[in-house]
Amino acid sequence: MRKIMIVNMAVMLIAACQMKGNNAPASQETVATTTTPADETPVEGTELGNKFIDIELPAPDGKTLRAADIVAKSKYTLIDFWASWCPPCRAEIPFIVKVYADYHQRGFEVIGVSLDKNKQAWTSALEQMNMTWPQMSDLKGWECAGAALYNVRSIPANVLVDQKGIIVAKDLRGEGLLQTVSQLMK
């Protein structure tokens with residue numbers, strides 16, 4: 001009986017971080033291996049090799065934050081979709097904290113896009129988890145405009161963008177995030 005309860009709790013935690021009605025399996029870590037010819041302008045979109053879609057949302061202080069401004073100043077930028085109430089998101093944060101600490105001074109940046117509805121929960125999580133990189137949220141939960149632009153249906157989710165704004169990887173997790181950023185920042 002106890003094993004059944006534990007399994008049920010685990011399933012509920014995973015389901016808590018998926019958008020209602022989404023039955024698709026979680027995305028696998030993907031890294032771009034193709035390049036766009038120099039004379040071709042990449043198409044804006046959410047797939048590997050596409051030019052990323054800019055997100056403009058309020059930061060915790062209420063000022064508008066624009067992802068394109070940050071991407072243009074950084075060698076690589078991880079756009080991370082998460083929420084304070086999502087246990088799998090919180091499990092990934094230590095990996096992001098580590099890669100940020102290791103590579104921020106060399107041009108790596110992170111932009112957090114929160115799917116929270118409660119500002120206090122969001123800002124408390126930022127402090128508790130040492131998330132010192134730029135953050136944005138419209139506090140609309142699953143109706144978050146930034147998440148809609150990227151068709152985010154479950155979290156955590158992320159895209160890694162180069163300085164030209166090209167998506168070079170998606171849905172990097174744990175050690176895979178650390179290894180990918182380490183390779184790119186050589």
# chains A, B, ... in the order shown; residues from 1 in each chain; ligands from 1
>>> residues_around(residues="stretch 123-135 of chain A", least_positions_apart="4", cutoff="10 Å", atoms="only C-alpha atoms", output="PyMOL selection string")
chain A and resi 57-61+65-67+70+79-80+83-85+90+93-94+96-97+100-101+104+109-114+116+118-119
>>> residues_around(residues="A:Lys186", least_positions_apart="6", cutoff="12 Å", atoms="only C-alpha atoms", output="compact mmCIF listing (two decimals) with C-alpha atoms, in the first residue's frame")
# COMPACT_ATOMS: atom_id res chain seq x y z
CA LYS A 75 27.73 34.75 -26.15
CA TYR A 76 24.98 32.31 -25.17
CA TYR A 103 30.32 30.74 -17.18
CA ARG A 106 32.72 34.50 -19.84
CA GLY A 107 29.52 35.62 -21.57
CA PHE A 108 26.85 33.10 -20.54
CA GLN A 179 28.25 19.59 -20.73
CA THR A 180 26.66 21.54 -23.59
>>> atom_distance(atom1="atom CA of A:Ala157", atom2="atom CA of A:Cys89")
8.5 Å
>>> select_by_dssp(residues="stretch 117-164 of chain A", states="alpha helix (DSSP H)", output="list of chain:residue names")
A:Lys119, A:Gln120, A:Ala121, A:Trp122, A:Thr123, A:Ser124, A:Ala125, A:Leu126, A:Glu127, A:Gln128, A:Ala145, A:Gly146, A:Ala147, A:Ala148, A:Leu149
>>> select_by_dssp(residues="stretch 62-145 of chain A", states="strand (DSSP E)", output="VMD selection string")
chain A and resid 64 to 66 76 to 82 108 to 114 135 to 136
>>> atom_distance(atom1="atom CA of A:Phe52", atom2="atom CA of A:Asp69")
12.5 Å
>>> atom_distance(atom1="atom CA of A:Lys117", atom2="atom CA of A:Leu78")
22.1 Å
>>> closest_residue(among="A:Leu115, A:Val99, A:Val71, A:Cys144", to="A:Gln163", atoms="only C-alpha atoms")
A:Val71
>>> closest_residue(among="A:Leu184, A:Val168, A:Ile55, A:Leu48", to="A:Asp138", atoms="only C-alpha atoms")
A:Ile55
>>> residues_around(residues="A:Ala91", least_positions_apart="3", cutoff="10 Å", atoms="only C-alpha atoms", output="ChimeraX atom specification")
/A:86-88,94-96,156,173-174
